[in-house]
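Asks: My questions all concern the structure below.
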Amino acid sequence: MQFEELSRLLEEIDKLSGRTDIISLLSSLFLKLGKEEVGPASYLLLGKVAPDFEHGELGLGEKLILRAISRASGATYELTRQRYSTLGDLGLVAAELATRGTTISLLEYTREGRGEHGKDARSGLTVIEIYHALKKIAATSGEGSQETKLSMLTELLSNSSPLARKYIARIVSGDIRLGLAELTVLASLSKAFAPDDKEAVERAFNITCDIGLVASTLANQSAQGVRRIKVQPGRPLKPMLAERSSSIDEILRRMGGRAAFEYKYDGERVQIHKSREGTKIFSRRTEDITGHFPDVVKAANTKLSAQEFIVEGEVVAIDQESGRMLPFQELMHRRRKHGVEEAMSRYPTRVELFDLLFVDGRDFTKEPYPKRRNRLVQLLSPSEDMAAAEQIVTDDHDRAEAFFESALEDGCEGVMAKTLSNKVGYEAGSRGWAWIKYKRDYKSSLADTIDLVIVGGFHGRGKRAGKIGGYLLAAPNGQGRYETACKVATGFSDEALVEMEDKLRSYVTPSRHPSVDSRLEADVWYRPAIVMEILGAELTISPVHTAALDEIRKGSGLAVRFPRYTGRLRTDKSPDEATSTQELLEMYRSQLKKL
Ligand code: ATP
């Protein structure tokens with residue numbers, strides 16, 4: 001298929017808002033593509049060229065894209081920038097400037113020695129050609145790579161029509177704007193190729209985190225092929241997630257009277273994979289973070305006696321003198337590209353392992369928790385730097401409470417209850433009652449911390465004049481949109497405010513991002529990217545905010561009352577993974593029950 005045709009379909013999808021309509025159109029698009037195009041197109045639709053764990057995100061800098069648009073269209077950089085501040089969308093700028101008749105001909109362009117062009121602009125490029133070109137851009141690194149990326153992107157844009165430029169620009173900026181969450185693409189693939197096997201398709205995605213792999217398997221081998229996709233060390237699984245409860249009695253009731261309780265450590269979740277190719281560490285967002293933790297790699301290689309495995313645990317920062325656990329913030333010193341060795345000796349860690357998903361050719365994800373835990377304990381020689389999570393199994397309320405208190409004393413956030421049922425395995429990618437978290441925060445007024453996405457900023461007053469003094473936060477609604485839930489201005493030190501403003505600078509958009517639903521006008525708008533953890537007093541009905549609009553009361557949404565920044569940015573969560581509007585609704589309802 002020509003990329004031009006794909007762009008036309010994307011243009012149609014852009015006009016739709018209902019998820020069902022989008023899925024219909026997208027599934028017919030998948031059926032029109034050649035089999036070999038389905039995988040690449042699935043990546044492109046999500047603004048990437050490979051799965052996240054292979055660093056597949058393009059996310060080229062705004063400046064570089066603007067320069068490429070300007071070069072490809074012949075418009076000056078100033079004009080390009082100006083149009084961007086008006087239109088607020090690199091895609092629209094690329095399309096508009098291309099139609100202004102300012103495009104320099106390819107011949108001229110080549111004569112100027114700026115690039116090699118094999119094709120005439122009018123003939124356009126195919127989906128596969130665009131995919132490979134973008135893949136090449138993504139893979140270019142090292143010295144001089146910015147200039148190389150710039151000329152490659154310029155060439156690509158020059159070879160494309162205005163409409164195709166619009167979508168190329170959106171793809172490379174990682175701002176594809178179709179409201180296409182992974183789950184929407186997945187549902188469309190199921191509809192196209194395996195309408196009766198939706199669950200198998202979802203499982204395949206949850207155990208591989210690779211939309212392109214699932215898509216091309218579906219296109220070539222339909223549902224049977226997808227069922228053959230296996231858990232494989234080296235390919236991360238989506239993490240299993242927990243529900244929350246504020247009562248041990250409720251937890252025991254839900255778990256059939258008896259449950260395992262583990263310490264809930266306050267660190268960073270890691271999935272450690274060992275295969276013949278080596279040992280890798282993946283984050284909760286399934287990114288490859290091996291480079292940050294050479295010490296964890298070493299511990300895993302020496303303390304776990306198997307050739308191949310996948311285990312999961314929490315990395316925590318440890319105080320060198322006392323060996324006690326330190327708060328999560330200390331661990332963030334380890335999230336750096338340079339000076340890893342030095343950081344390693346200043347901020348030592350320990351891994352508290354809490355699950356095992358695969359060992360030496362055997363997939364454990366369908367096995368119940370007690371079996372997985374037993375195998376984990378068998379495999380491990382515990383030491384200072386790697387241990388199995390503290391655990392008890394009990395049916396006794398008081399014993400569970402006492403265990404919770406000792407978890408807090410030892411510097412944990414609370415406990416994690418796990419079902420002993422032999423009907424439940426490791427449910428990759430799903431949040432359910434097989435795991436229930438019970439935290440210290442539950443003893444304060446609002447049942448849990450909430451993770452919301454920063455979508456806007458407000459100028460400060462008084463002492464904070466001249467700075468951004470507060471932020472507008474929103475919750476993802478599960479369909480690619482962000483609905484506002486509060487303004488937060490407390491909990492920030494002066495330094496934190498400055499740091500935050502710096503951090504957010506590259507996400508500023510000239511106007512409200514189209515995926516944000518807000519009734520408030522912010523002074524500065526941001527592309528939804530950064531997730532902030534807050535604590536609040538309670539959830540209330542609000543005529544001002546749009547989270548879960550109309551769900552409780554017509555015309556009103558839900559808002560967090562007295563929100564306070566906890567000092568923690570959730571870099572381990574993508575904006576889609578922040579607390580959803582659905583979760584806010586559940587929290588609101590459970591709050592009512594307690595009254
Ligand atoms: P989510 O539930 O989406 O992960 P969250 O990160 O805000 O949201 P938390 O309240 O941090 O939720 O609880 C879940 C996290 O607790 C896990 O993702 C994991 O990182 C951490 N954790 C710590 N100890 C354990 C344990 N023993 N078992 C499972 N998870 C644990």
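In the structure tokens, chains take letters A, B, ... by order of appearance, with residues numbered from 1 within each chain and ligands from 1 in the order shown.
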Residues up to 9 Å from ligand 1, counting only C-alpha atoms and all ligand atoms: could you list those as a PDB file with C-alpha atoms, in the first residue's frame?

Replies:
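selection15.pdb was written with the following content:
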```
ATOM      1  CA  PRO A 239       3.013  -6.579  34.685  1.00  0.00           C
ATOM      2  CA  MET A 240       0.205  -8.096  36.731  1.00  0.00           C
ATOM      3  CA  LEU A 241      -1.464  -5.342  38.763  1.00  0.00           C
ATOM      4  CA  ALA A 242      -3.293  -5.122  42.068  1.00  0.00           C
ATOM      5  CA  GLU A 243      -6.619  -3.778  43.267  1.00  0.00           C
ATOM      6  CA  ARG A 244      -6.634  -1.805  46.495  1.00  0.00           C
ATOM      7  CA  PHE A 261       0.876 -11.336  52.587  1.00  0.00           C
ATOM      8  CA  GLU A 262       4.148  -9.916  51.337  1.00  0.00           C
ATOM      9  CA  TYR A 263       5.978  -6.724  52.187  1.00  0.00           C
ATOM     10  CA  LYS A 264       5.132  -4.045  49.670  1.00  0.00           C
ATOM     11  CA  TYR A 265       8.508  -2.490  48.988  1.00  0.00           C
ATOM     12  CA  ASP A 266       8.908   1.139  47.972  1.00  0.00           C
ATOM     13  CA  GLY A 267      11.248   0.992  45.037  1.00  0.00           C
ATOM     14  CA  GLU A 268      11.142   0.316  41.317  1.00  0.00           C
ATOM     15  CA  ARG A 269       9.521  -2.736  39.807  1.00  0.00           C
ATOM     16  CA  VAL A 270      11.823  -4.789  37.596  1.00  0.00           C
ATOM     17  CA  ARG A 284       7.222  -1.485  34.681  1.00  0.00           C
ATOM     18  CA  GLU A 312      10.049 -10.132  39.039  1.00  0.00           C
ATOM     19  CA  GLY A 313      10.872  -7.971  42.018  1.00  0.00           C
ATOM     20  CA  GLU A 314      11.285  -4.521  43.452  1.00  0.00           C
ATOM     21  CA  VAL A 315      14.695  -2.824  43.471  1.00  0.00           C
ATOM     22  CA  GLU A 352      13.304  -8.173  46.699  1.00  0.00           C
ATOM     23  CA  LEU A 353      11.969 -10.841  44.369  1.00  0.00           C
ATOM     24  CA  PHE A 354       8.254 -11.509  44.470  1.00  0.00           C
ATOM     25  CA  ASP A 355       7.456 -13.624  41.419  1.00  0.00           C
ATOM     26  CA  ALA A 388      12.750 -13.185  48.332  1.00  0.00           C
ATOM     27  CA  ALA A 389      10.071 -10.750  49.513  1.00  0.00           C
ATOM     28  CA  GLU A 390       9.160 -11.152  53.204  1.00  0.00           C
ATOM     29  CA  GLN A 391       6.026 -13.251  53.327  1.00  0.00           C
ATOM     30  CA  CYS A 412       7.827  -0.423  53.323  1.00  0.00           C
ATOM     31  CA  GLU A 413       4.669   1.154  51.997  1.00  0.00           C
ATOM     32  CA  GLY A 414       2.414  -1.580  53.309  1.00  0.00           C
ATOM     33  CA  VAL A 415       1.641  -5.126  52.275  1.00  0.00           C
ATOM     34  CA  MET A 416       0.563  -6.906  49.149  1.00  0.00           C
ATOM     35  CA  ALA A 417      -1.937  -9.738  49.591  1.00  0.00           C
ATOM     36  CA  LYS A 418      -1.859 -12.565  47.062  1.00  0.00           C
ATOM     37  CA  ARG A 431      -5.544  -5.467  37.347  1.00  0.00           C
ATOM     38  CA  TRP A 435      -3.391  -9.231  44.252  1.00  0.00           C
ATOM     39  CA  ILE A 436      -4.573  -6.587  46.695  1.00  0.00           C
ATOM     40  CA  LYS A 437      -2.473  -3.726  48.002  1.00  0.00           C
ATOM     41  CA  TYR A 438      -2.933  -2.420  51.515  1.00  0.00           C
ATOM     42  CA  LYS A 439      -0.923   0.700  52.211  1.00  0.00           C
ATOM     43  CA  ASP A 448      -4.496   5.897  48.098  1.00  0.00           C
ATOM     44  CA  THR A 449      -2.077   8.110  46.320  1.00  0.00           C
ATOM     45  CA  ILE A 450      -3.258   8.948  42.821  1.00  0.00           C
ATOM     46  CA  ASP A 451      -1.092   9.235  39.738  1.00  0.00           C
ATOM     47  CA  GLU A 533       1.853  11.300  42.267  1.00  0.00           C
ATOM     48  CA  ARG A 570       6.010   8.368  38.309  1.00  0.00           C
ATOM     49  CA  ASP A 572       7.830   4.279  35.663  1.00  0.00           C
ATOM     50  CA  LYS A 573       4.340   4.955  34.305  1.00  0.00           C
ATOM     51  CA  GLU A 577      -0.983   3.958  32.922  1.00  0.00           C
ATOM     52  CA  ALA A 578      -1.822   6.783  35.304  1.00  0.00           C
ATOM     53  CA  THR A 579      -4.863   6.363  37.568  1.00  0.00           C
TER      54      THR A 579
END
```

Asks: Write out as an MDAnalysis selection string the residues lying within 7 Å of A:Ala489, counting only C-alpha atoms and excluding same-chain residues fewer than 4 positions away.

Replies: chainID A and resid 469:471

Asks: Output C-alpha atoms for every residue in the selection just made, as a PDB file, in the first residue's frame.

Replies:
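Now in part16.pdb:
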```
ATOM      1  CA  GLY A 469       3.181  27.805  40.522  1.00  0.00           C
ATOM      2  CA  GLY A 470       0.649  25.053  39.967  1.00  0.00           C
ATOM      3  CA  TYR A 471      -0.336  22.336  37.574  1.00  0.00           C
TER       4      TYR A 471
END
```

Asks: Return as number ranges by chain the full set of residues in stretch 11-137 of chain A whose backbone-based DSSP assignment is helix (DSSP H, G or I).

Replies: A: 11-15, 19-32, 35-45, 52-54, 62-73, 77-87, 90-98, 106-111, 121-123, 127-137

Asks: Could you give me, as a tab-separated table, every stretch 206-246 of chain A residue with an atom at most 12 Å from stretch 6-30 of chain A, plus its closest atom pair and distance in Å to one decimal, counting only C-alpha atoms, rows ordered by chain then number?

Replies:
```
residue	atom	partner	partner_atom	distance
A:Ala215	CA	A:Phe30	CA	9.2
A:Ser216	CA	A:Phe30	CA	10.4
A:Leu218	CA	A:Phe30	CA	10.5
A:Ala219	CA	A:Phe30	CA	8.5
```

Asks: Write out the residues from the selection above, keeping all heavy atoms, as a PDB file, in the first residue's frame.

Replies:
```pdb
ATOM      1  N   ALA A 215       0.623  -8.580  15.382  1.00  0.00           N
ATOM      2  CA  ALA A 215      -0.061  -8.196  14.139  1.00  0.00           C
ATOM      3  C   ALA A 215       0.398  -9.053  12.973  1.00  0.00           C
ATOM      4  O   ALA A 215      -0.425  -9.592  12.218  1.00  0.00           O
ATOM      5  CB  ALA A 215       0.209  -6.719  13.856  1.00  0.00           C
ATOM      6  N   SER A 216       1.711  -9.209  12.812  1.00  0.00           N
ATOM      7  CA  SER A 216       2.151  -9.963  11.635  1.00  0.00           C
ATOM      8  C   SER A 216       1.842 -11.448  11.791  1.00  0.00           C
ATOM      9  O   SER A 216       1.519 -12.123  10.814  1.00  0.00           O
ATOM     10  CB  SER A 216       3.620  -9.702  11.295  1.00  0.00           C
ATOM     11  OG  SER A 216       4.398 -10.101  12.362  1.00  0.00           O
ATOM     12  N   LEU A 218      -0.822 -12.597  13.284  1.00  0.00           N
ATOM     13  CA  LEU A 218      -2.250 -12.697  12.962  1.00  0.00           C
ATOM     14  C   LEU A 218      -2.479 -12.660  11.452  1.00  0.00           C
ATOM     15  O   LEU A 218      -3.252 -13.443  10.898  1.00  0.00           O
ATOM     16  CB  LEU A 218      -2.998 -11.531  13.594  1.00  0.00           C
ATOM     17  CG  LEU A 218      -3.533 -11.749  15.001  1.00  0.00           C
ATOM     18  CD1 LEU A 218      -4.086 -10.452  15.554  1.00  0.00           C
ATOM     19  CD2 LEU A 218      -4.623 -12.824  15.022  1.00  0.00           C
ATOM     20  N   ALA A 219      -1.791 -11.732  10.788  1.00  0.00           N
ATOM     21  CA  ALA A 219      -2.000 -11.587   9.347  1.00  0.00           C
ATOM     22  C   ALA A 219      -1.548 -12.836   8.584  1.00  0.00           C
ATOM     23  O   ALA A 219      -2.174 -13.255   7.619  1.00  0.00           O
ATOM     24  CB  ALA A 219      -1.255 -10.354   8.840  1.00  0.00           C
TER      25      ALA A 219
END
```

Asks: Excluding same-chain residues fewer than 5 positions from A:Ile272, what lies within 9 Å of it counting only C-alpha atoms, as a list in words?

Replies: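 Answer for this query is Pro233, Gly234, Pro236, Thr279, Lys280, Ile281, Phe282, Thr290, Val296, Val297, Ala300, Phe309, Ile310, Val311, Glu312 and Gly313 of chain A.
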